[in-house]
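File shown: input.csv. Contents: CSV, C-alpha atoms.
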```
chain,number,residue,atom,x,y,z
Z,1,MET,CA,-45.6,-13.3,26.3
Z,2,THR,CA,-44.9,-13.8,30.0
Z,3,MET,CA,-45.0,-10.5,31.8
Z,4,ALA,CA,-43.1,-9.4,34.9
Z,5,ARG,CA,-45.0,-10.1,38.1
Z,6,LYS,CA,-44.7,-8.7,41.6
Z,7,THR,CA,-44.8,-10.9,44.7
Z,8,LEU,CA,-43.8,-10.8,48.4
Z,9,MET,CA,-40.4,-12.4,48.9
Z,10,ASP,CA,-37.5,-12.2,51.4
Z,11,GLY,CA,-34.0,-11.3,50.5
Z,12,ASN,CA,-32.7,-14.8,50.2
Z,13,ALA,CA,-35.5,-15.7,47.7
Z,14,ALA,CA,-34.6,-12.6,45.8
Z,15,ALA,CA,-31.0,-13.7,45.5
Z,16,ALA,CA,-32.1,-17.1,44.3
Z,17,TRP,CA,-34.4,-15.5,41.7
Z,18,GLY,CA,-31.5,-13.4,40.5
Z,19,ALA,CA,-29.4,-16.5,39.9
Z,20,ARG,CA,-32.3,-18.3,38.2
Z,21,LEU,CA,-33.1,-15.5,35.9
Z,22,SER,CA,-29.4,-15.1,35.1
Z,23,ARG,CA,-29.4,-18.8,34.1
Z,24,ALA,CA,-26.6,-19.7,36.4
Z,25,GLN,CA,-25.3,-23.0,35.3
Z,26,VAL,CA,-23.4,-24.2,38.4
Z,27,VAL,CA,-24.1,-23.6,42.0
Z,28,PRO,CA,-21.7,-25.1,44.5
Z,29,ASN,CA,-23.1,-24.7,48.0
Z,30,PHE,CA,-22.8,-25.4,51.7
Z,31,PRO,CA,-25.3,-24.3,54.4
Z,32,VAL,CA,-24.6,-21.4,56.7
Z,33,THR,CA,-27.1,-19.3,58.6
Z,34,PRO,CA,-28.6,-16.9,57.5
Z,35,GLN,CA,-27.7,-17.8,53.8
Z,36,THR,CA,-29.1,-21.4,53.7
Z,37,GLU,CA,-32.5,-20.5,52.3
Z,38,ILE,CA,-30.8,-19.3,49.1
Z,39,ILE,CA,-29.5,-22.8,48.3
Z,40,GLU,CA,-32.6,-24.5,49.6
Z,41,THR,CA,-34.7,-22.5,47.1
Z,42,LEU,CA,-32.3,-23.4,44.3
Z,43,ALA,CA,-32.3,-27.1,45.4
Z,44,GLU,CA,-36.1,-27.1,45.3
Z,45,TRP,CA,-36.2,-25.6,41.9
Z,46,SER,CA,-33.6,-28.1,40.7
Z,47,VAL,CA,-35.7,-31.1,41.9
Z,48,LYS,CA,-38.8,-29.7,40.3
Z,49,GLY,CA,-37.1,-28.9,37.0
Z,50,LEU,CA,-37.7,-25.2,37.3
Z,51,TRP,CA,-34.0,-24.4,37.2
Z,52,LYS,CA,-31.7,-26.4,34.9
Z,53,GLY,CA,-28.3,-25.7,36.4
Z,54,ARG,CA,-26.0,-28.1,38.3
Z,55,PHE,CA,-26.6,-28.1,42.1
Z,56,LEU,CA,-23.3,-29.2,43.8
Z,57,PRO,CA,-23.5,-29.8,47.6
Z,58,MET,CA,-20.0,-29.6,49.0
Z,59,ASP,CA,-18.3,-30.5,52.3
Z,60,SER,CA,-17.2,-27.0,53.3
Z,61,GLU,CA,-17.2,-23.4,52.2
Z,62,HIS,CA,-13.6,-23.7,51.2
Z,63,SER,CA,-14.7,-26.5,48.8
Z,64,VAL,CA,-17.6,-24.4,47.6
Z,65,LEU,CA,-15.4,-21.6,46.3
Z,66,SER,CA,-12.8,-24.1,45.0
Z,67,ALA,CA,-15.6,-25.8,42.9
Z,68,ALA,CA,-16.9,-22.4,41.8
Z,69,VAL,CA,-13.4,-21.5,40.6
Z,70,ALA,CA,-13.1,-24.8,38.7
Z,71,ALA,CA,-16.5,-24.4,37.1
Z,72,SER,CA,-16.0,-20.8,36.1
Z,73,ALA,CA,-12.6,-21.6,34.6
Z,74,THR,CA,-14.4,-24.0,32.2
Z,75,GLY,CA,-16.6,-21.2,31.0
Z,76,ALA,CA,-19.7,-21.9,33.1
Z,77,ARG,CA,-21.8,-19.1,34.7
Z,78,VAL,CA,-21.4,-19.7,38.4
Z,79,PHE,CA,-23.4,-18.6,41.4
Z,80,THR,CA,-23.0,-19.3,45.1
Z,81,GLY,CA,-23.6,-17.7,48.5
Z,82,THR,CA,-22.2,-17.7,52.0
Z,83,SER,CA,-22.1,-15.7,55.3
Z,84,SER,CA,-19.8,-14.8,58.1
Z,85,GLN,CA,-17.5,-17.7,59.2
Z,86,GLY,CA,-18.2,-19.4,55.9
Z,87,LEU,CA,-16.8,-16.5,54.0
Z,88,MET,CA,-13.8,-16.5,56.3
Z,89,LEU,CA,-13.2,-20.2,55.4
Z,90,MET,CA,-13.3,-19.3,51.7
Z,91,HIS,CA,-10.8,-16.5,52.1
Z,92,GLU,CA,-7.8,-18.3,50.6
Z,93,ILE,CA,-9.7,-19.1,47.4
Z,94,VAL,CA,-11.3,-15.6,47.2
Z,95,TYR,CA,-7.9,-14.3,46.0
Z,96,VAL,CA,-7.6,-17.2,43.5
Z,97,ALA,CA,-11.0,-16.3,41.9
Z,98,SER,CA,-10.0,-12.7,41.3
Z,99,GLY,CA,-6.4,-13.5,40.3
Z,100,MET,CA,-7.7,-15.9,37.7
Z,101,ARG,CA,-10.2,-13.2,36.5
Z,102,LEU,CA,-13.2,-15.4,36.9
Z,103,PRO,CA,-16.7,-13.7,36.8
Z,104,ILE,CA,-18.3,-15.6,39.6
Z,105,VAL,CA,-21.2,-13.9,41.4
Z,106,MET,CA,-21.5,-14.6,45.1
Z,107,MET,CA,-24.0,-13.4,47.7
Z,108,ASN,CA,-22.8,-12.6,51.2
Z,109,VAL,CA,-25.7,-12.6,53.7
Z,110,SER,CA,-23.8,-10.6,56.3
Z,111,ARG,CA,-23.5,-11.8,59.8
Z,112,ALA,CA,-21.2,-10.6,62.6
Z,113,LEU,CA,-18.0,-12.7,63.0
Z,114,SER,CA,-17.2,-14.9,66.0
Z,115,ALA,CA,-16.3,-14.8,68.8
Z,116,PRO,CA,-18.7,-14.3,70.6
Z,117,ILE,CA,-21.1,-15.9,68.2
Z,118,THR,CA,-24.2,-14.2,66.9
Z,119,LEU,CA,-26.6,-14.8,64.0
Z,120,TRP,CA,-27.3,-11.1,63.4
Z,121,SER,CA,-25.8,-8.8,60.9
Z,122,ASP,CA,-23.0,-6.3,60.7
Z,123,HIS,CA,-20.6,-5.7,57.8
Z,124,ASN,CA,-17.2,-6.9,59.0
Z,125,ASP,CA,-17.4,-10.2,57.0
Z,126,PHE,CA,-18.2,-8.3,53.8
Z,127,LEU,CA,-15.6,-5.5,54.3
Z,128,ASP,CA,-12.9,-8.0,55.2
Z,129,GLN,CA,-12.8,-8.8,51.5
Z,130,ARG,CA,-12.2,-5.2,50.4
Z,131,ASP,CA,-8.6,-5.8,49.1
Z,132,THR,CA,-9.2,-9.2,47.4
Z,133,GLY,CA,-10.0,-7.8,43.9
Z,134,TRP,CA,-13.7,-8.6,43.9
Z,135,LEU,CA,-16.3,-6.1,42.8
Z,136,MET,CA,-18.4,-5.3,45.9
Z,137,PHE,CA,-22.0,-4.1,46.1
Z,138,PHE,CA,-24.2,-3.1,49.1
Z,139,CYS,CA,-27.9,-3.7,48.8
Z,140,GLU,CA,-30.6,-1.9,50.8
Z,141,ARG,CA,-33.8,-3.6,49.5
Z,142,ASN,CA,-34.9,-7.0,48.2
Z,143,GLN,CA,-35.7,-5.7,44.7
Z,144,GLU,CA,-32.2,-4.4,44.6
Z,145,ILE,CA,-30.8,-7.8,45.5
Z,146,LEU,CA,-32.5,-9.5,42.6
Z,147,ASP,CA,-31.6,-6.8,40.2
Z,148,THR,CA,-28.0,-6.6,41.3
Z,149,VAL,CA,-27.3,-10.3,40.7
Z,150,ILE,CA,-28.4,-9.8,37.1
Z,151,GLN,CA,-26.4,-6.6,36.7
Z,152,ALA,CA,-23.3,-8.1,38.4
Z,153,TYR,CA,-23.1,-10.9,35.8
Z,154,LYS,CA,-23.2,-8.4,33.0
Z,155,VAL,CA,-20.4,-6.3,34.6
Z,156,SER,CA,-18.2,-9.2,35.7
Z,157,GLU,CA,-18.4,-10.9,32.3
Z,158,ASP,CA,-17.5,-7.8,30.4
Z,159,VAL,CA,-14.2,-8.4,28.6
Z,160,ASN,CA,-12.9,-5.1,30.1
Z,161,VAL,CA,-13.6,-6.4,33.7
Z,162,LEU,CA,-13.6,-10.2,34.1
Z,163,LEU,CA,-13.6,-10.0,37.9
Z,164,PRO,CA,-15.9,-11.8,40.4
Z,165,SER,CA,-18.7,-9.9,42.2
Z,166,LEU,CA,-19.6,-10.1,45.9
Z,167,ILE,CA,-23.1,-8.7,46.7
Z,168,ASN,CA,-24.0,-8.0,50.3
Z,169,LEU,CA,-27.4,-8.3,51.9
Z,170,ASP,CA,-28.0,-7.8,55.6
Z,171,GLY,CA,-28.7,-11.1,57.4
Z,172,PHE,CA,-32.1,-11.4,59.0
Z,173,ILE,CA,-32.9,-7.7,58.3
Z,174,LEU,CA,-33.3,-8.5,54.6
Z,175,SER,CA,-32.7,-12.2,54.3
Z,176,TYR,CA,-35.9,-13.2,56.2
Z,177,THR,CA,-38.0,-10.0,55.7
Z,178,ARG,CA,-40.5,-10.1,52.8
Z,179,GLU,CA,-41.0,-7.1,50.6
Z,180,PRO,CA,-42.9,-6.6,47.3
Z,181,THR,CA,-40.4,-7.6,44.6
Z,182,GLU,CA,-40.9,-7.7,40.9
Z,183,ILE,CA,-39.7,-10.8,39.1
Z,184,PRO,CA,-38.7,-9.7,35.5
Z,185,ASP,CA,-39.8,-11.6,32.5
Z,186,GLN,CA,-37.2,-14.3,31.6
Z,187,LYS,CA,-37.1,-13.3,27.9
Z,188,ARG,CA,-36.3,-9.7,28.8
Z,189,VAL,CA,-33.5,-10.8,31.1
Z,190,ASP,CA,-32.1,-13.1,28.4
Z,191,SER,CA,-32.0,-10.1,26.0
Z,192,PHE,CA,-30.3,-8.0,28.6
Z,193,LEU,CA,-27.9,-10.8,29.8
Z,194,PRO,CA,-26.9,-13.1,26.9
Z,195,LYS,CA,-25.2,-16.4,27.4
Z,196,PHE,CA,-21.7,-16.2,28.8
Z,197,ARG,CA,-19.2,-17.0,26.0
Z,198,PRO,CA,-15.6,-16.5,27.3
Z,199,LYS,CA,-12.7,-16.3,24.9
Z,200,VAL,CA,-10.4,-18.1,27.4
Z,201,TYR,CA,-11.4,-21.2,29.3
Z,202,LEU,CA,-10.2,-24.7,30.2
Z,203,ASP,CA,-10.9,-27.2,27.4
Z,204,PRO,CA,-9.5,-30.8,27.4
Z,205,LYS,CA,-9.2,-30.6,23.6
Z,206,LYS,CA,-6.9,-27.5,24.0
Z,207,PRO,CA,-4.8,-28.1,27.1
Z,208,MET,CA,-3.6,-24.9,28.9
Z,209,ALA,CA,-3.0,-23.7,32.5
Z,210,LEU,CA,-4.5,-20.8,34.4
Z,211,GLY,CA,-3.1,-19.2,37.6
Z,212,VAL,CA,0.4,-20.5,36.8
Z,213,GLY,CA,3.5,-19.8,39.0
Z,214,VAL,CA,5.3,-16.5,38.3
Z,215,MET,CA,8.1,-14.4,39.8
Z,216,LYS,CA,8.8,-11.0,38.2
Z,217,GLU,CA,5.6,-11.1,36.2
Z,218,TYR,CA,3.4,-11.1,39.4
Z,219,SER,CA,3.2,-7.3,39.6
Z,220,TYR,CA,1.9,-7.2,36.0
Z,221,PHE,CA,-1.0,-9.5,36.8
Z,222,ARG,CA,-1.9,-7.5,40.0
Z,223,SER,CA,-1.7,-4.2,38.0
Z,224,GLN,CA,-4.1,-5.7,35.4
Z,225,ALA,CA,-6.6,-6.6,38.1
Z,226,HIS,CA,-6.4,-3.0,39.4
Z,227,LEU,CA,-6.9,-1.7,35.9
Z,228,ALA,CA,-10.0,-4.0,35.5
Z,229,GLN,CA,-11.4,-2.5,38.8
Z,230,LYS,CA,-10.9,1.0,37.3
Z,231,ASN,CA,-12.6,-0.1,34.1
Z,232,ALA,CA,-15.5,-1.5,36.1
Z,233,LEU,CA,-16.5,2.0,37.3
Z,234,ARG,CA,-17.5,2.8,33.7
Z,235,ILE,CA,-19.0,-0.6,33.0
Z,236,VAL,CA,-21.2,-0.5,36.1
Z,237,LYS,CA,-22.5,2.9,35.1
Z,238,GLU,CA,-23.3,1.6,31.6
Z,239,VAL,CA,-25.0,-1.6,32.9
Z,240,GLN,CA,-27.0,0.4,35.4
Z,241,ASP,CA,-28.2,2.8,32.7
Z,242,ALA,CA,-29.1,-0.1,30.3
Z,243,PHE,CA,-30.9,-1.9,33.1
Z,244,GLY,CA,-32.9,1.2,34.0
Z,245,HIS,CA,-33.9,1.7,30.3
Z,246,LYS,CA,-34.9,-2.0,30.0
Z,247,PHE,CA,-36.7,-2.6,33.3
Z,248,GLY,CA,-37.5,0.9,34.6
Z,249,ARG,CA,-35.5,0.6,37.9
Z,250,ARG,CA,-32.5,2.9,38.1
Z,251,TYR,CA,-29.5,2.6,40.4
Z,252,GLY,CA,-26.4,4.6,41.0
Z,253,LEU,CA,-22.9,4.0,42.2
Z,254,VAL,CA,-24.0,6.2,45.1
Z,255,GLU,CA,-27.6,7.3,45.9
Z,256,PRO,CA,-28.3,10.8,47.3
Z,257,TYR,CA,-31.4,11.4,49.4
Z,258,MET,CA,-32.8,14.8,50.2
Z,259,MET,CA,-29.4,16.4,49.4
Z,260,ASP,CA,-30.9,19.5,47.7
Z,261,GLY,CA,-30.4,22.4,50.1
Z,262,ALA,CA,-28.6,20.2,52.6
Z,263,ARG,CA,-25.6,21.6,54.6
Z,264,ALA,CA,-24.6,18.3,56.1
Z,265,ALA,CA,-25.0,14.6,55.2
Z,266,LEU,CA,-24.9,11.1,56.5
Z,267,VAL,CA,-23.0,8.4,54.6
Z,268,THR,CA,-24.6,5.0,55.0
Z,269,MET,CA,-24.5,1.5,53.6
Z,270,GLY,CA,-26.9,-1.5,53.6
Z,271,ALA,CA,-30.4,-2.0,55.1
Z,272,ASN,CA,-30.1,0.4,57.9
Z,273,THR,CA,-30.1,3.2,55.3
Z,274,THR,CA,-33.9,2.8,55.2
Z,275,ILE,CA,-34.1,3.8,58.9
Z,276,ALA,CA,-31.6,6.6,58.3
Z,277,ARG,CA,-33.8,7.9,55.4
Z,278,ALA,CA,-36.8,8.2,57.8
Z,279,ALA,CA,-34.6,10.1,60.3
Z,280,VAL,CA,-33.4,12.5,57.6
Z,281,LYS,CA,-37.0,13.1,56.4
Z,282,SER,CA,-38.0,13.8,60.0
Z,283,LEU,CA,-35.1,16.2,60.6
Z,284,ARG,CA,-35.9,18.0,57.3
Z,285,ALA,CA,-39.5,18.5,58.4
Z,286,LYS,CA,-38.1,20.2,61.5
Z,287,GLY,CA,-36.0,22.6,59.4
Z,288,LYS,CA,-32.7,20.8,59.8
Z,289,LYS,CA,-30.7,21.0,56.6
Z,290,ILE,CA,-29.3,17.4,56.4
Z,291,GLY,CA,-29.3,14.8,53.6
Z,292,LEU,CA,-28.0,11.3,53.0
Z,293,LEU,CA,-25.7,9.6,50.6
Z,294,ARG,CA,-25.9,5.8,50.3
Z,295,LEU,CA,-22.9,3.8,49.0
Z,296,ARG,CA,-24.1,1.1,46.6
Z,297,LEU,CA,-20.7,0.2,45.1
Z,298,PHE,CA,-17.8,-0.2,47.4
Z,299,ARG,CA,-15.2,-1.7,45.1
Z,300,PRO,CA,-14.2,-0.2,42.9
Z,301,PHE,CA,-14.5,2.8,45.1
Z,302,PRO,CA,-16.7,5.5,43.4
Z,303,GLU,CA,-14.5,8.4,44.6
Z,304,GLU,CA,-15.6,10.9,41.9
Z,305,GLU,CA,-19.3,10.4,42.6
Z,306,ILE,CA,-18.7,10.7,46.4
Z,307,VAL,CA,-16.7,13.9,46.0
Z,308,ARG,CA,-19.3,15.4,43.7
Z,309,ALA,CA,-22.1,14.6,46.2
Z,310,LEU,CA,-20.4,15.8,49.4
Z,311,SER,CA,-18.2,18.7,48.2
Z,312,GLY,CA,-19.3,22.1,49.6
Z,313,LEU,CA,-21.1,20.7,52.6
Z,314,ASP,CA,-20.4,22.0,56.1
Z,315,ALA,CA,-20.1,18.6,57.7
Z,316,VAL,CA,-20.3,14.8,56.9
Z,317,GLY,CA,-21.0,11.9,59.2
Z,318,VAL,CA,-19.9,8.4,58.1
Z,319,VAL,CA,-22.1,5.7,59.6
Z,320,ASP,CA,-20.2,2.4,59.8
Z,321,GLN,CA,-21.8,-0.9,60.7
Z,322,ASN,CA,-18.4,-2.4,61.3
Z,323,LEU,CA,-15.2,-2.0,63.3
Z,324,ALA,CA,-11.5,-2.4,62.6
Z,325,PRO,CA,-10.2,-2.8,66.2
Z,326,GLY,CA,-7.4,-0.3,66.9
Z,327,ARG,CA,-8.5,1.9,64.0
Z,328,GLY,CA,-12.3,2.4,64.0
Z,329,GLY,CA,-14.9,2.4,61.2
Z,330,ILE,CA,-13.7,0.9,57.9
Z,331,VAL,CA,-15.4,3.2,55.5
Z,332,TYR,CA,-14.8,6.4,57.5
Z,333,PRO,CA,-11.1,6.8,56.5
Z,334,GLU,CA,-12.0,6.1,52.8
Z,335,ILE,CA,-14.5,8.9,52.8
Z,336,LYS,CA,-12.1,11.1,54.7
Z,337,ALA,CA,-9.3,10.4,52.1
Z,338,ALA,CA,-11.7,11.2,49.2
Z,339,LEU,CA,-12.5,14.6,50.7
Z,340,TYR,CA,-9.0,15.4,51.7
Z,341,GLY,CA,-8.2,19.1,51.4
Z,342,GLN,CA,-11.8,20.3,51.6
Z,343,ARG,CA,-11.7,21.1,55.4
Z,344,ILE,CA,-15.0,19.5,56.0
Z,345,PRO,CA,-15.4,18.1,59.6
Z,346,ILE,CA,-16.0,14.4,59.0
Z,347,SER,CA,-17.5,12.5,62.0
Z,348,SER,CA,-17.4,8.8,62.6
Z,349,PHE,CA,-20.4,6.8,64.0
Z,350,ILE,CA,-20.2,3.1,64.6
Z,351,ILE,CA,-23.6,1.4,65.0
Z,352,SER,CA,-25.3,-1.9,65.0
Z,353,LEU,CA,-22.3,-4.2,65.7
Z,354,GLY,CA,-23.6,-7.7,66.0
Z,355,GLY,CA,-27.0,-6.6,64.7
Z,356,LYS,CA,-27.9,-4.2,67.6
Z,357,HIS,CA,-31.1,-2.4,66.5
Z,358,ILE,CA,-30.8,1.3,65.8
Z,359,SER,CA,-34.0,3.4,65.8
Z,360,ARG,CA,-35.1,6.4,63.8
Z,361,GLN,CA,-34.7,8.5,66.9
Z,362,GLU,CA,-31.1,7.3,67.3
Z,363,PHE,CA,-30.3,8.2,63.7
Z,364,GLU,CA,-31.9,11.6,64.3
Z,365,LYS,CA,-29.4,12.1,67.2
Z,366,ILE,CA,-26.6,11.2,64.9
Z,367,GLY,CA,-27.9,13.7,62.3
Z,368,LEU,CA,-28.0,16.4,65.0
Z,369,GLU,CA,-24.5,15.6,66.1
Z,370,VAL,CA,-23.3,16.1,62.5
Z,371,LEU,CA,-25.0,19.4,62.3
Z,372,GLU,CA,-23.4,20.4,65.6
Z,373,SER,CA,-20.0,19.5,64.2
Z,374,ALA,CA,-20.7,21.9,61.3
Z,375,ARG,CA,-21.2,24.7,63.8
Z,376,THR,CA,-18.1,23.9,66.0
Z,377,ARG,CA,-15.9,22.7,63.1
Z,378,LYS,CA,-15.0,19.7,65.3
Z,379,PRO,CA,-15.8,16.1,64.1
Z,380,LYS,CA,-17.5,13.7,66.4
Z,381,VAL,CA,-16.6,10.1,67.2
Z,382,MET,CA,-19.4,7.9,68.6
Z,383,TRP,CA,-19.7,4.1,69.2
Z,384,GLN,CA,-23.2,2.7,69.5
Z,385,GLY,CA,-24.5,6.1,70.7
Z,386,LYS,CA,-21.6,6.8,73.1
Z,387,PHE,CA,-18.9,9.4,72.6
Z,388,LEU,CA,-15.4,8.0,72.3
Z,389,GLN,CA,-13.7,11.4,72.4
```
Could you write out this file's structure as structure tokens?
Amino acid sequence: MTMARKTLMDGNAAAAWGARLSRAQVVPNFPVTPQTEIIETLAEWSVKGLWKGRFLPMDSEHSVLSAAVAASATGARVFTGTSSQGLMLMHEIVYVASGMRLPIVMMNVSRALSAPITLWSDHNDFLDQRDTGWLMFFCERNQEILDTVIQAYKVSEDVNVLLPSLINLDGFILSYTREPTEIPDQKRVDSFLPKFRPKVYLDPKKPMALGVGVMKEYSYFRSQAHLAQKNALRIVKEVQDAFGHKFGRRYGLVEPYMMDGARAALVTMGANTTIARAAVKSLRAKGKKIGLLRLRLFRPFPEEEIVRALSGLDAVGVVDQNLAPGRGGIVYPEIKAALYGQRIPISSFIISLGGKHISRQEFEKIGLEVLESARTRKPKVMWQGKFLQ
């Protein structure tokens, strides 16, 4: 029996391995930095006969997701990837995929949006999709990327969900950084994720239509997508538990770090969480009672888990690697709404726009500002280390 093996791989390779182990059958693709290595890896495996799926080079990202919708509608297990402006070009079809209830899994290798142009990561491209009806996962590590692809198929294909999944990994920070990553045994993955067998799919022998025109029925279909998102909260938990039992790696909708005894906490997302963890550990060693809560699942929004983790604290600081111009951080108001009525000062920190590096010392400064807001009962607002008010 082939056993799991651990090797050094970057985040893009981890995403490709997730698709391969999930036995993705169709991969429409178009190159866009820093996502291109995912499809290059799958193309190489296809040529060598190591992966048996259909590799479909397309003429644009819009065509990529159009082909993904078509393939998924016929009952195929579909995987693809994109980044930044590529995801923006897909945007029209993003709604089609969720509206047709198609369990596509797509990687977004996050990159800041133009203009001005940059190749480095922030989360605006990913968070721009928050209202599209897709399930949305943040990854912190390369192992998590591989594992989340497998889990996302099992969640998306569940009859109580049937929605596409978008998985975010930070461009360059994870996409081109190698970490020790375990490649699970294929037979064990097959027993965890069986072949996709949809009850409804396009078949020339049984003609039907999907995504048809409606009028008064439109609200019914949208309400069903919302209900499926709500269902997904339970299904994600079940899949995470089953995955942990099967493979020994456990994940949560949110992940607390050093929260025991904490009086304040940072809320983080993505790869910068690793730096934030080091800062929290350093502050705790200095007697500062601060912890951290990482969001892994963003849609559906795990409000109950967030409230349970943060209730009773003296202060919270939300660290957004994004910006909604004219409003501020995108995740900050969602955390604030979840904690409404608890009278906790909730501070907003906007960091790493365009991939600007943030150090452990800078995260420590943010942590100290959150602790100060607990003392003064006044929330802080900072942009890249500078106070806005």
Open item on the list: List as a PyMOL selection string the protein and nucleic acid residues near Z:Pro164, meaning an atom at most 9 Å away when all atoms listed in the file are counted, but skip any in the same chain fewer than 3 places from it.
Closed with: chain Z and resi 97-98+101-106+133-136+152-153+156-157+161
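Shortest separation to Z:Asn29 among Z:Pro345, Z:Gly329, Z:Gly53, Z:Gly81 occurs at residue Z:Gly81, atoms counted being only C-alpha atoms.
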Task: Atom pair atom CA of Z:Leu89 / atom CA of Z:Phe126: separation (Å) - done: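 According to the coordinates, atom CA of Z:Leu89 and atom CA of Z:Phe126 are separated by 13.0 Å.
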TODO: Find the spatial neighbours of Z:Lys378, counting all atoms listed in the file, within a cut-off of 12 Å - ignore same-chain residues fewer than 6 positions away - and output them as number ranges by chain.
DONE: Z: 314-317, 343-348, 369-372, 389
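Among the candidates Z:Asp147, Z:Asp260, Z:Asp122, Z:Glu305, the residue lying nearest to Z:Phe243 is Z:Asp147 (atoms considered: only C-alpha atoms).
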- [ ] May I ask which of the residues Z:Gly291, Z:Gly312, Z:Pro300, Z:Gly171 is the closest one to Z:Arg234, counting only C-alpha atoms?
- [x]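 When distances to Z:Arg234 are compared using only C-alpha atoms, the smallest one comes from Z:Pro300.
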Open item on the list: Taking all atoms listed in the file into account, name the residue in Z:Phe196, Z:Ile145, Z:Thr132, Z:Ile173 that is nearest to Z:His226.
Closed with: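 With all atoms listed in the file as the atom set, the closest residue is Z:Thr132.
When atom CA of Z:Thr80 is paired with atom CA of Z:Ala16, their separation reads 9.4 Å.
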Open item on the list: To one decimal place in Å, what is the distance between atom CA of Z:Arg178 and atom CA of Z:Met9?
Closed with: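 The value is 4.5 Å.
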Open item on the list: I'd like the contact shell of Z:Ile366 - 9 Å cut-off, all atoms listed in the file, skipping same-chain residues fewer than 5 positions apart - returned as a VMD selection string.
Closed with: chain Z and resid 266 317 319 349 361 371 382 385
Task: Z:Pro194, Z:Gly261, Z:Pro180, Z:Pro207 ranked by distance to Z:Thr7, top pick (using only C-alpha atoms) - done: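 Using only C-alpha atoms, the shortest distance to Z:Thr7 belongs to Z:Pro180.
In terms of minimum interatomic distance to Z:Pro57, Z:Ala43 ranks closest within Z:Val254, Z:Ala43, Z:Ala324, Z:Val280, counting only C-alpha atoms.
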TODO: List the neighbours of Z:Gln143 out to 7 Å using all atoms listed in the file; skip same-chain residues closer than 3 positions along the sequence, and give me the result as a PyMOL selection string.
DONE: chain Z and resi 146-147+181-182
- [ ] With a distance cut-off of 12 Å and all atoms listed in the file, select the neighbouring residues of Z:Tyr176, excluding the residue or stretch itself and same-chain residues fewer than 3 positions from it, and output the selection as a VMD selection string.
- [x] chain Z and resid 8 to 15 33 to 38 109 120 to 121 141 to 142 169 to 173 179
TODO: Please check which residues have atoms at most 10 Å from (-30.0, 0.6, 63.7) in the file's coordinates, counting only C-alpha atoms, and write them as JSON, numbers by chain.
DONE: {"Z": [271, 272, 273, 274, 275, 276, 321, 351, 352, 353, 355, 356, 357, 358, 359, 360, 361, 362, 363, 384]}
